[in-house]
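Engineer: So here's my_file.cif (mmCIF, N, CA and C atoms).
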```cif
data_target
#
loop_
_atom_site.label_atom_id
_atom_site.label_comp_id
_atom_site.auth_asym_id
_atom_site.auth_seq_id
_atom_site.Cartn_x
_atom_site.Cartn_y
_atom_site.Cartn_z
N MET A 1 165.37 74.10 -104.19
CA MET A 1 165.08 72.70 -104.31
C MET A 1 165.51 72.01 -103.02
N ASN A 2 164.64 71.22 -102.46
CA ASN A 2 164.92 70.57 -101.19
C ASN A 2 165.05 69.06 -101.43
N LEU A 3 166.22 68.63 -101.90
CA LEU A 3 166.47 67.23 -102.21
C LEU A 3 167.35 66.59 -101.14
N HIS A 4 167.19 65.30 -100.97
CA HIS A 4 168.01 64.54 -100.03
C HIS A 4 169.45 64.53 -100.53
N ALA A 5 170.40 64.49 -99.62
CA ALA A 5 171.82 64.53 -99.97
C ALA A 5 172.22 63.40 -100.93
N ASN A 6 171.63 62.22 -100.78
CA ASN A 6 171.95 61.11 -101.68
C ASN A 6 171.51 61.40 -103.11
N VAL A 7 170.36 62.07 -103.27
CA VAL A 7 169.85 62.42 -104.60
C VAL A 7 170.76 63.46 -105.24
N ILE A 8 171.16 64.44 -104.46
CA ILE A 8 172.06 65.48 -104.97
C ILE A 8 173.40 64.87 -105.38
N SER A 9 173.94 64.01 -104.56
CA SER A 9 175.22 63.37 -104.86
C SER A 9 175.14 62.54 -106.13
N ALA A 10 174.09 61.76 -106.28
CA ALA A 10 173.92 60.93 -107.47
C ALA A 10 173.70 61.79 -108.72
N GLY A 11 172.91 62.83 -108.60
CA GLY A 11 172.67 63.74 -109.73
C GLY A 11 173.93 64.45 -110.16
N ARG A 12 174.69 64.92 -109.19
CA ARG A 12 175.95 65.61 -109.49
C ARG A 12 176.92 64.66 -110.18
N ALA A 13 177.02 63.42 -109.70
CA ALA A 13 177.91 62.43 -110.30
C ALA A 13 177.48 62.11 -111.73
N ALA A 14 176.17 61.99 -111.97
CA ALA A 14 175.67 61.68 -113.31
C ALA A 14 175.97 62.81 -114.30
N VAL A 15 175.78 64.04 -113.88
CA VAL A 15 176.04 65.19 -114.74
C VAL A 15 177.54 65.29 -115.03
N GLN A 16 178.36 65.20 -114.00
CA GLN A 16 179.79 65.40 -114.16
C GLN A 16 180.49 64.24 -114.86
N ALA A 17 179.86 63.07 -114.91
CA ALA A 17 180.46 61.93 -115.62
C ALA A 17 180.58 62.20 -117.12
N GLN A 18 179.81 63.15 -117.62
CA GLN A 18 179.83 63.49 -119.04
C GLN A 18 180.84 64.58 -119.37
N TRP A 19 181.47 65.18 -118.39
CA TRP A 19 182.42 66.26 -118.62
C TRP A 19 183.78 65.71 -119.03
N SER A 20 184.42 66.37 -120.00
CA SER A 20 185.74 65.92 -120.44
C SER A 20 186.74 67.06 -120.59
N ASP A 21 186.34 68.27 -120.24
CA ASP A 21 187.23 69.42 -120.35
C ASP A 21 187.97 69.62 -119.03
N THR A 22 189.07 70.37 -119.08
CA THR A 22 189.81 70.71 -117.86
C THR A 22 190.07 72.21 -117.85
N SER A 23 190.28 72.74 -116.65
CA SER A 23 190.49 74.17 -116.52
C SER A 23 191.48 74.49 -115.41
N THR A 24 192.17 75.60 -115.60
CA THR A 24 193.00 76.20 -114.57
C THR A 24 192.40 77.56 -114.26
N VAL A 25 192.29 77.88 -112.98
CA VAL A 25 191.69 79.14 -112.55
C VAL A 25 192.75 79.94 -111.80
N THR A 26 192.96 81.18 -112.25
CA THR A 26 193.87 82.08 -111.54
C THR A 26 193.09 83.29 -111.04
N ARG A 27 193.58 83.86 -109.97
CA ARG A 27 192.91 84.99 -109.32
C ARG A 27 193.96 86.00 -108.90
N LYS A 28 193.66 87.28 -109.07
CA LYS A 28 194.55 88.34 -108.60
C LYS A 28 194.48 88.39 -107.08
N GLN A 29 195.65 88.23 -106.44
CA GLN A 29 195.72 88.32 -104.99
C GLN A 29 196.93 89.13 -104.59
N LYS A 30 196.82 89.77 -103.46
CA LYS A 30 197.92 90.58 -102.96
C LYS A 30 198.97 89.66 -102.33
N VAL A 31 200.18 89.72 -102.88
CA VAL A 31 201.32 88.96 -102.37
C VAL A 31 202.36 89.99 -101.97
N GLY A 32 202.51 90.19 -100.66
CA GLY A 32 203.37 91.28 -100.19
C GLY A 32 202.70 92.59 -100.52
N ASN A 33 203.39 93.44 -101.27
CA ASN A 33 202.83 94.74 -101.68
C ASN A 33 202.38 94.75 -103.13
N VAL A 34 202.35 93.58 -103.78
CA VAL A 34 202.06 93.50 -105.20
C VAL A 34 200.89 92.55 -105.43
N LYS A 35 200.02 92.91 -106.38
CA LYS A 35 198.95 91.99 -106.79
C LYS A 35 199.51 91.09 -107.88
N LYS A 36 199.35 89.77 -107.68
CA LYS A 36 199.85 88.79 -108.64
C LYS A 36 198.74 87.81 -108.99
N ASP A 37 198.91 87.16 -110.16
CA ASP A 37 198.01 86.08 -110.54
C ASP A 37 198.43 84.83 -109.79
N VAL A 38 197.52 84.28 -108.99
CA VAL A 38 197.80 83.09 -108.19
C VAL A 38 196.87 81.97 -108.68
N GLU A 39 197.44 80.78 -108.97
CA GLU A 39 196.61 79.65 -109.37
C GLU A 39 195.79 79.18 -108.18
N ILE A 40 194.48 79.18 -108.36
CA ILE A 40 193.57 78.75 -107.31
C ILE A 40 193.20 77.28 -107.51
N TYR A 41 192.91 76.90 -108.76
CA TYR A 41 192.58 75.52 -109.11
C TYR A 41 193.39 75.16 -110.36
N THR A 42 193.89 73.93 -110.40
CA THR A 42 194.65 73.46 -111.55
C THR A 42 194.11 72.12 -112.01
N GLY A 43 193.84 72.00 -113.30
CA GLY A 43 193.41 70.73 -113.87
C GLY A 43 192.07 70.22 -113.40
N ILE A 44 191.17 71.14 -113.03
CA ILE A 44 189.85 70.69 -112.57
C ILE A 44 189.00 70.25 -113.76
N THR A 45 188.19 69.24 -113.54
CA THR A 45 187.28 68.77 -114.58
C THR A 45 186.12 69.76 -114.70
N CYS A 46 185.79 70.09 -115.95
CA CYS A 46 184.71 71.06 -116.19
C CYS A 46 184.04 70.74 -117.52
N HIS A 47 183.08 71.58 -117.89
CA HIS A 47 182.40 71.44 -119.18
C HIS A 47 182.24 72.83 -119.77
N LEU A 48 182.76 73.02 -120.98
CA LEU A 48 182.61 74.27 -121.70
C LEU A 48 181.44 74.14 -122.66
N SER A 49 180.54 75.09 -122.63
CA SER A 49 179.37 75.07 -123.49
C SER A 49 179.25 76.41 -124.21
N GLN A 50 178.93 76.34 -125.50
CA GLN A 50 178.69 77.57 -126.24
C GLN A 50 177.23 77.95 -126.03
N SER A 51 177.01 79.05 -125.29
CA SER A 51 175.66 79.45 -124.91
C SER A 51 174.87 80.06 -126.05
N SER A 52 175.57 80.70 -126.98
CA SER A 52 174.89 81.28 -128.13
C SER A 52 175.81 81.22 -129.33
N LYS A 53 175.22 81.11 -130.48
CA LYS A 53 175.99 81.11 -131.72
C LYS A 53 176.48 82.52 -131.99
N PRO A 54 177.63 82.63 -132.66
CA PRO A 54 178.16 83.96 -132.95
C PRO A 54 177.16 84.78 -133.79
N ALA A 55 176.93 85.99 -133.36
CA ALA A 55 176.06 86.91 -134.09
C ALA A 55 176.94 87.94 -134.81
N LEU A 56 176.68 88.15 -136.08
CA LEU A 56 177.46 89.10 -136.86
C LEU A 56 177.03 90.52 -136.53
N GLU A 57 178.00 91.32 -136.15
CA GLU A 57 177.76 92.75 -135.89
C GLU A 57 178.58 93.53 -136.89
N GLN A 58 177.93 94.41 -137.62
CA GLN A 58 178.60 95.15 -138.67
C GLN A 58 178.50 96.65 -138.45
N SER A 59 179.59 97.32 -138.82
CA SER A 59 179.58 98.78 -138.89
C SER A 59 180.06 99.13 -140.31
N ASP A 60 180.28 100.39 -140.56
CA ASP A 60 180.74 100.80 -141.89
C ASP A 60 182.14 100.29 -142.20
N THR A 61 182.93 100.01 -141.15
CA THR A 61 184.34 99.66 -141.38
C THR A 61 184.73 98.25 -140.96
N VAL A 62 183.94 97.60 -140.12
CA VAL A 62 184.36 96.30 -139.61
C VAL A 62 183.14 95.40 -139.34
N ALA A 63 183.38 94.10 -139.47
CA ALA A 63 182.36 93.11 -139.11
C ALA A 63 182.98 92.19 -138.07
N THR A 64 182.28 91.95 -136.97
CA THR A 64 182.79 91.09 -135.91
C THR A 64 181.72 90.10 -135.47
N THR A 65 182.18 89.02 -134.87
CA THR A 65 181.25 88.07 -134.28
C THR A 65 181.67 87.83 -132.85
N ALA A 66 180.71 87.52 -132.01
CA ALA A 66 181.01 87.23 -130.61
C ALA A 66 180.11 86.09 -130.14
N ALA A 67 180.73 85.02 -129.68
CA ALA A 67 179.99 83.91 -129.12
C ALA A 67 180.03 84.02 -127.60
N VAL A 68 179.03 83.46 -126.94
CA VAL A 68 178.98 83.47 -125.49
C VAL A 68 179.24 82.04 -125.02
N PHE A 69 180.18 81.89 -124.08
CA PHE A 69 180.54 80.58 -123.55
C PHE A 69 180.23 80.51 -122.06
N THR A 70 179.83 79.33 -121.59
CA THR A 70 179.58 79.07 -120.18
C THR A 70 180.44 77.89 -119.76
N VAL A 71 181.03 77.99 -118.56
CA VAL A 71 181.82 76.90 -118.00
C VAL A 71 181.08 76.37 -116.78
N PHE A 72 180.93 75.05 -116.72
CA PHE A 72 180.30 74.37 -115.60
C PHE A 72 181.39 73.66 -114.80
N VAL A 73 181.39 73.83 -113.48
CA VAL A 73 182.38 73.22 -112.59
C VAL A 73 181.66 72.57 -111.41
N ASP A 74 182.41 71.77 -110.66
CA ASP A 74 181.87 71.10 -109.48
C ASP A 74 181.39 72.13 -108.46
N THR A 75 180.43 71.75 -107.64
CA THR A 75 179.89 72.67 -106.63
C THR A 75 180.93 73.03 -105.57
N GLU A 76 182.00 72.26 -105.45
CA GLU A 76 183.06 72.57 -104.50
C GLU A 76 183.97 73.69 -105.00
N VAL A 77 183.93 73.97 -106.30
CA VAL A 77 184.77 75.02 -106.90
C VAL A 77 184.06 76.35 -106.75
N GLN A 78 184.69 77.27 -106.07
CA GLN A 78 184.12 78.59 -105.85
C GLN A 78 184.82 79.62 -106.74
N LEU A 79 184.10 80.08 -107.77
CA LEU A 79 184.65 81.06 -108.70
C LEU A 79 184.20 82.46 -108.28
N LEU A 80 185.03 83.45 -108.60
CA LEU A 80 184.70 84.84 -108.34
C LEU A 80 184.71 85.62 -109.64
N PRO A 81 183.88 86.67 -109.76
CA PRO A 81 183.93 87.50 -110.95
C PRO A 81 185.35 88.05 -111.14
N GLY A 82 185.84 87.97 -112.37
CA GLY A 82 187.18 88.46 -112.67
C GLY A 82 188.25 87.39 -112.65
N ASP A 83 187.94 86.20 -112.12
CA ASP A 83 188.91 85.10 -112.19
C ASP A 83 189.22 84.83 -113.66
N THR A 84 190.45 84.41 -113.94
CA THR A 84 190.83 84.03 -115.29
C THR A 84 190.74 82.52 -115.40
N LEU A 85 190.01 82.04 -116.41
CA LEU A 85 189.87 80.61 -116.65
C LEU A 85 190.55 80.26 -117.96
N VAL A 86 191.35 79.22 -117.94
CA VAL A 86 191.96 78.67 -119.15
C VAL A 86 191.40 77.26 -119.28
N VAL A 87 190.53 77.07 -120.29
CA VAL A 87 189.82 75.81 -120.46
C VAL A 87 190.36 75.06 -121.68
N SER A 88 190.73 73.80 -121.48
CA SER A 88 191.13 72.93 -122.59
C SER A 88 189.90 72.16 -123.04
N HIS A 89 189.53 72.34 -124.32
CA HIS A 89 188.30 71.74 -124.85
C HIS A 89 188.58 71.20 -126.25
N LYS A 90 188.62 69.87 -126.37
CA LYS A 90 188.77 69.19 -127.66
C LYS A 90 189.93 69.75 -128.50
N GLY A 91 191.09 69.89 -127.88
CA GLY A 91 192.28 70.33 -128.59
C GLY A 91 192.43 71.84 -128.73
N GLN A 92 191.48 72.60 -128.24
CA GLN A 92 191.57 74.06 -128.28
C GLN A 92 191.66 74.59 -126.85
N THR A 93 192.20 75.80 -126.73
CA THR A 93 192.29 76.47 -125.44
C THR A 93 191.44 77.73 -125.47
N PHE A 94 190.55 77.85 -124.49
CA PHE A 94 189.67 79.01 -124.36
C PHE A 94 190.07 79.75 -123.10
N THR A 95 190.47 81.01 -123.24
CA THR A 95 190.89 81.82 -122.10
C THR A 95 189.94 83.01 -121.97
N GLY A 96 189.43 83.22 -120.76
CA GLY A 96 188.52 84.33 -120.56
C GLY A 96 188.38 84.69 -119.09
N ALA A 97 187.69 85.77 -118.87
CA ALA A 97 187.43 86.25 -117.51
C ALA A 97 186.06 85.78 -117.06
N ALA A 98 185.97 85.35 -115.81
CA ALA A 98 184.71 84.88 -115.26
C ALA A 98 183.76 86.05 -115.04
N GLY A 99 182.52 85.84 -115.41
CA GLY A 99 181.47 86.81 -115.10
C GLY A 99 180.92 86.49 -113.71
N GLN A 100 179.66 86.84 -113.49
CA GLN A 100 179.02 86.54 -112.20
C GLN A 100 178.70 85.06 -112.12
N PRO A 101 179.24 84.32 -111.14
CA PRO A 101 178.97 82.89 -111.04
C PRO A 101 177.56 82.60 -110.54
N PHE A 102 177.06 81.43 -110.93
CA PHE A 102 175.77 80.93 -110.46
C PHE A 102 176.02 79.59 -109.79
N ASN A 103 175.66 79.48 -108.52
CA ASN A 103 175.86 78.25 -107.77
C ASN A 103 174.58 77.43 -107.80
N GLY A 104 174.65 76.27 -108.48
CA GLY A 104 173.48 75.42 -108.63
C GLY A 104 173.54 74.20 -107.71
N THR A 105 172.58 73.31 -107.86
CA THR A 105 172.50 72.11 -107.05
C THR A 105 173.50 71.06 -107.51
N PHE A 106 173.63 70.86 -108.83
CA PHE A 106 174.50 69.82 -109.37
C PHE A 106 175.82 70.35 -109.90
N SER A 107 175.91 71.66 -110.17
CA SER A 107 177.15 72.26 -110.65
C SER A 107 177.08 73.77 -110.47
N ASN A 108 178.23 74.40 -110.49
CA ASN A 108 178.32 75.85 -110.52
C ASN A 108 178.64 76.25 -111.95
N SER A 109 178.16 77.41 -112.38
CA SER A 109 178.44 77.84 -113.75
C SER A 109 178.80 79.32 -113.76
N VAL A 110 179.51 79.68 -114.84
CA VAL A 110 179.93 81.07 -115.00
C VAL A 110 180.08 81.35 -116.49
N LYS A 111 179.66 82.54 -116.91
CA LYS A 111 179.86 82.98 -118.28
C LYS A 111 181.31 83.44 -118.43
N LEU A 112 181.91 83.12 -119.58
CA LEU A 112 183.25 83.60 -119.87
C LEU A 112 183.14 84.87 -120.69
N GLU A 113 183.91 85.88 -120.31
CA GLU A 113 183.90 87.16 -121.01
C GLU A 113 185.25 87.38 -121.66
N ALA A 114 185.27 88.11 -122.77
CA ALA A 114 186.51 88.44 -123.49
C ALA A 114 187.30 87.16 -123.80
N VAL A 115 186.63 86.21 -124.45
CA VAL A 115 187.22 84.90 -124.72
C VAL A 115 188.23 84.97 -125.86
N LYS A 116 189.39 84.38 -125.63
CA LYS A 116 190.42 84.22 -126.65
C LYS A 116 190.56 82.73 -126.91
N ILE A 117 190.46 82.34 -128.19
CA ILE A 117 190.54 80.92 -128.56
C ILE A 117 191.86 80.67 -129.28
N THR A 118 192.61 79.66 -128.79
CA THR A 118 193.86 79.29 -129.47
C THR A 118 193.89 77.80 -129.72
#
```
What is this file in structure tokens?

Structural biologist:
Amino acid sequence: MNLHANVISAGRAAVQAQWSDTSTVTRKQKVGNVKKDVEIYTGITCHLSQSSKPALEQSDTVATTAAVFTVFVDTEVQLLPGDTLVVSHKGQTFTGAAGQPFNGTFSNSVKLEAVKIT
């Protein structure tokens, strides 16, 4: 898409004005001789979206459900696959690993994998 910078800025502001979630992003980085979790972003504004409703999967011994979640962040936020995201959404905390990020015009997005809800 070949849009003027003013249009992109206004579109990004309009989309992000509706976001009310926050997130902390940590990434494994080498510190000395040890890999540690390092906070890359703290308290960034984001939007958590449930991409699909939980589908029931059954076997002879267990029934499980798995929902797919997507997190939208500002285009200035650069996420990497494997980053850990802790998202605060309407009184709940969603923790998961970032999948492959998609960098868009108005926001960047990433699927959350192995989501734990508390």

Engineer: Using the chain letters and numbering of this document, enumerate as a list in words the residues selected by the PyMOL selection byres (((chain A and resi 35-43 and name CA) around 6) and name CA).

Structural biologist: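 Output of the PyMOL selection byres (((chain A and resi 35-43 and name CA) around 6) and name CA): Thr22, Ser23, Thr24, Val25, Thr26, Arg27, Lys28, Gln29, Lys30, Val31, Val34 and Ile44 of chain A.
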
Engineer: For the file shown, report as a list in words the outcome of the PyMOL selection byres ((chain A and resi 95) around 8) at residue level.

Structural biologist: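 Expected selection for the PyMOL selection byres ((chain A and resi 95) around 8) here is Thr84, Leu85, Val86, Val87, Ser88, Gln92, Thr93, Phe94, Gly96, Ala97, Ala98, Leu112, Glu113, Ala114, Val115, Lys116, Ile117 and Thr118 of chain A.
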
Engineer: Report, in Å with one decimal, the straight-line distance from CA of Leu3 (chain A) to CA of Asp74 (chain A).

Structural biologist: 17.5 Å

Engineer: Neighbouring residues of Lys90 (chain A) were defined as those with any atom within 10 Å, considering only C-alpha atoms; residues of the same chain fewer than 5 positions away were excluded. Please report them as a PyMOL selection string.

Structural biologist: chain A and resi 20-22+48

Engineer: Got a sec to check which residues sit within 7 Å of (182.1, 86.3, -106.5), counting all atoms listed in the file, and write them as a PyMOL selection string?

Structural biologist: chain A and resi 79-81+100-101

Engineer: I need the residues from that last selection saved to file as a compact mmCIF listing (two decimals), in the frame of the given file (with N, CA and C atoms), if you can.

Structural biologist:
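And here's part_19.txt as it stands now:
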```txt
# COMPACT_ATOMS: atom_id res chain seq x y z
N LEU A 79 184.10 80.08 -107.77
CA LEU A 79 184.65 81.06 -108.70
C LEU A 79 184.20 82.46 -108.28
N LEU A 80 185.03 83.45 -108.60
CA LEU A 80 184.70 84.84 -108.34
C LEU A 80 184.71 85.62 -109.64
N PRO A 81 183.88 86.67 -109.76
CA PRO A 81 183.93 87.50 -110.95
C PRO A 81 185.35 88.05 -111.14
N GLN A 100 179.66 86.84 -113.49
CA GLN A 100 179.02 86.54 -112.20
C GLN A 100 178.70 85.06 -112.12
N PRO A 101 179.24 84.32 -111.14
CA PRO A 101 178.97 82.89 -111.04
C PRO A 101 177.56 82.60 -110.54
```

Engineer: Could I get region 87-105 of chain A rebuilt with N, CA, C and O atoms, written as a PDB file, keeping the file's coordinate frame?

Structural biologist:
```pdb
ATOM      1  N   VAL A  87     190.530  77.070-120.290  1.00  0.00           N
ATOM      2  CA  VAL A  87     189.820  75.810-120.460  1.00  0.00           C
ATOM      3  C   VAL A  87     190.360  75.060-121.680  1.00  0.00           C
ATOM      4  O   VAL A  87     190.429  75.639-122.772  1.00  0.00           O
ATOM      5  N   SER A  88     190.730  73.800-121.480  1.00  0.00           N
ATOM      6  CA  SER A  88     191.130  72.930-122.590  1.00  0.00           C
ATOM      7  C   SER A  88     189.900  72.160-123.040  1.00  0.00           C
ATOM      8  O   SER A  88     189.292  71.434-122.239  1.00  0.00           O
ATOM      9  N   HIS A  89     189.530  72.340-124.320  1.00  0.00           N
ATOM     10  CA  HIS A  89     188.300  71.740-124.850  1.00  0.00           C
ATOM     11  C   HIS A  89     188.580  71.200-126.250  1.00  0.00           C
ATOM     12  O   HIS A  89     188.811  71.966-127.181  1.00  0.00           O
ATOM     13  N   LYS A  90     188.620  69.870-126.370  1.00  0.00           N
ATOM     14  CA  LYS A  90     188.770  69.190-127.660  1.00  0.00           C
ATOM     15  C   LYS A  90     189.930  69.750-128.500  1.00  0.00           C
ATOM     16  O   LYS A  90     189.758  70.093-129.665  1.00  0.00           O
ATOM     17  N   GLY A  91     191.090  69.890-127.880  1.00  0.00           N
ATOM     18  CA  GLY A  91     192.280  70.330-128.590  1.00  0.00           C
ATOM     19  C   GLY A  91     192.430  71.840-128.730  1.00  0.00           C
ATOM     20  O   GLY A  91     193.405  72.306-129.290  1.00  0.00           O
ATOM     21  N   GLN A  92     191.480  72.600-128.240  1.00  0.00           N
ATOM     22  CA  GLN A  92     191.570  74.060-128.280  1.00  0.00           C
ATOM     23  C   GLN A  92     191.660  74.590-126.850  1.00  0.00           C
ATOM     24  O   GLN A  92     191.240  73.931-125.900  1.00  0.00           O
ATOM     25  N   THR A  93     192.200  75.800-126.730  1.00  0.00           N
ATOM     26  CA  THR A  93     192.290  76.470-125.440  1.00  0.00           C
ATOM     27  C   THR A  93     191.440  77.730-125.470  1.00  0.00           C
ATOM     28  O   THR A  93     191.595  78.567-126.364  1.00  0.00           O
ATOM     29  N   PHE A  94     190.550  77.850-124.490  1.00  0.00           N
ATOM     30  CA  PHE A  94     189.670  79.010-124.360  1.00  0.00           C
ATOM     31  C   PHE A  94     190.070  79.750-123.100  1.00  0.00           C
ATOM     32  O   PHE A  94     190.035  79.184-122.011  1.00  0.00           O
ATOM     33  N   THR A  95     190.470  81.010-123.240  1.00  0.00           N
ATOM     34  CA  THR A  95     190.890  81.820-122.100  1.00  0.00           C
ATOM     35  C   THR A  95     189.940  83.010-121.970  1.00  0.00           C
ATOM     36  O   THR A  95     189.680  83.705-122.951  1.00  0.00           O
ATOM     37  N   GLY A  96     189.430  83.220-120.760  1.00  0.00           N
ATOM     38  CA  GLY A  96     188.520  84.330-120.560  1.00  0.00           C
ATOM     39  C   GLY A  96     188.380  84.690-119.090  1.00  0.00           C
ATOM     40  O   GLY A  96     188.890  83.996-118.208  1.00  0.00           O
ATOM     41  N   ALA A  97     187.690  85.770-118.870  1.00  0.00           N
ATOM     42  CA  ALA A  97     187.430  86.250-117.510  1.00  0.00           C
ATOM     43  C   ALA A  97     186.060  85.780-117.060  1.00  0.00           C
ATOM     44  O   ALA A  97     185.100  85.784-117.836  1.00  0.00           O
ATOM     45  N   ALA A  98     185.970  85.350-115.810  1.00  0.00           N
ATOM     46  CA  ALA A  98     184.710  84.880-115.260  1.00  0.00           C
ATOM     47  C   ALA A  98     183.760  86.050-115.040  1.00  0.00           C
ATOM     48  O   ALA A  98     184.152  87.111-114.551  1.00  0.00           O
ATOM     49  N   GLY A  99     182.520  85.840-115.410  1.00  0.00           N
ATOM     50  CA  GLY A  99     181.470  86.810-115.100  1.00  0.00           C
ATOM     51  C   GLY A  99     180.920  86.490-113.710  1.00  0.00           C
ATOM     52  O   GLY A  99     181.607  85.915-112.862  1.00  0.00           O
ATOM     53  N   GLN A 100     179.660  86.840-113.490  1.00  0.00           N
ATOM     54  CA  GLN A 100     179.020  86.540-112.200  1.00  0.00           C
ATOM     55  C   GLN A 100     178.700  85.060-112.120  1.00  0.00           C
ATOM     56  O   GLN A 100     177.956  84.540-112.944  1.00  0.00           O
ATOM     57  N   PRO A 101     179.240  84.320-111.140  1.00  0.00           N
ATOM     58  CA  PRO A 101     178.970  82.890-111.040  1.00  0.00           C
ATOM     59  C   PRO A 101     177.560  82.600-110.540  1.00  0.00           C
ATOM     60  O   PRO A 101     176.951  83.410-109.849  1.00  0.00           O
ATOM     61  N   PHE A 102     177.060  81.430-110.930  1.00  0.00           N
ATOM     62  CA  PHE A 102     175.770  80.930-110.460  1.00  0.00           C
ATOM     63  C   PHE A 102     176.020  79.590-109.790  1.00  0.00           C
ATOM     64  O   PHE A 102     176.565  78.674-110.403  1.00  0.00           O
ATOM     65  N   ASN A 103     175.660  79.480-108.520  1.00  0.00           N
ATOM     66  CA  ASN A 103     175.860  78.250-107.770  1.00  0.00           C
ATOM     67  C   ASN A 103     174.580  77.430-107.800  1.00  0.00           C
ATOM     68  O   ASN A 103     173.561  77.835-107.249  1.00  0.00           O
ATOM     69  N   GLY A 104     174.650  76.270-108.480  1.00  0.00           N
ATOM     70  CA  GLY A 104     173.480  75.420-108.630  1.00  0.00           C
ATOM     71  C   GLY A 104     173.540  74.200-107.710  1.00  0.00           C
ATOM     72  O   GLY A 104     174.461  74.053-106.899  1.00  0.00           O
ATOM     73  N   THR A 105     172.580  73.310-107.860  1.00  0.00           N
ATOM     74  CA  THR A 105     172.500  72.110-107.050  1.00  0.00           C
ATOM     75  C   THR A 105     173.500  71.060-107.510  1.00  0.00           C
ATOM     76  O   THR A 105     174.155  70.423-106.695  1.00  0.00           O
TER      77      THR A 105
END
```
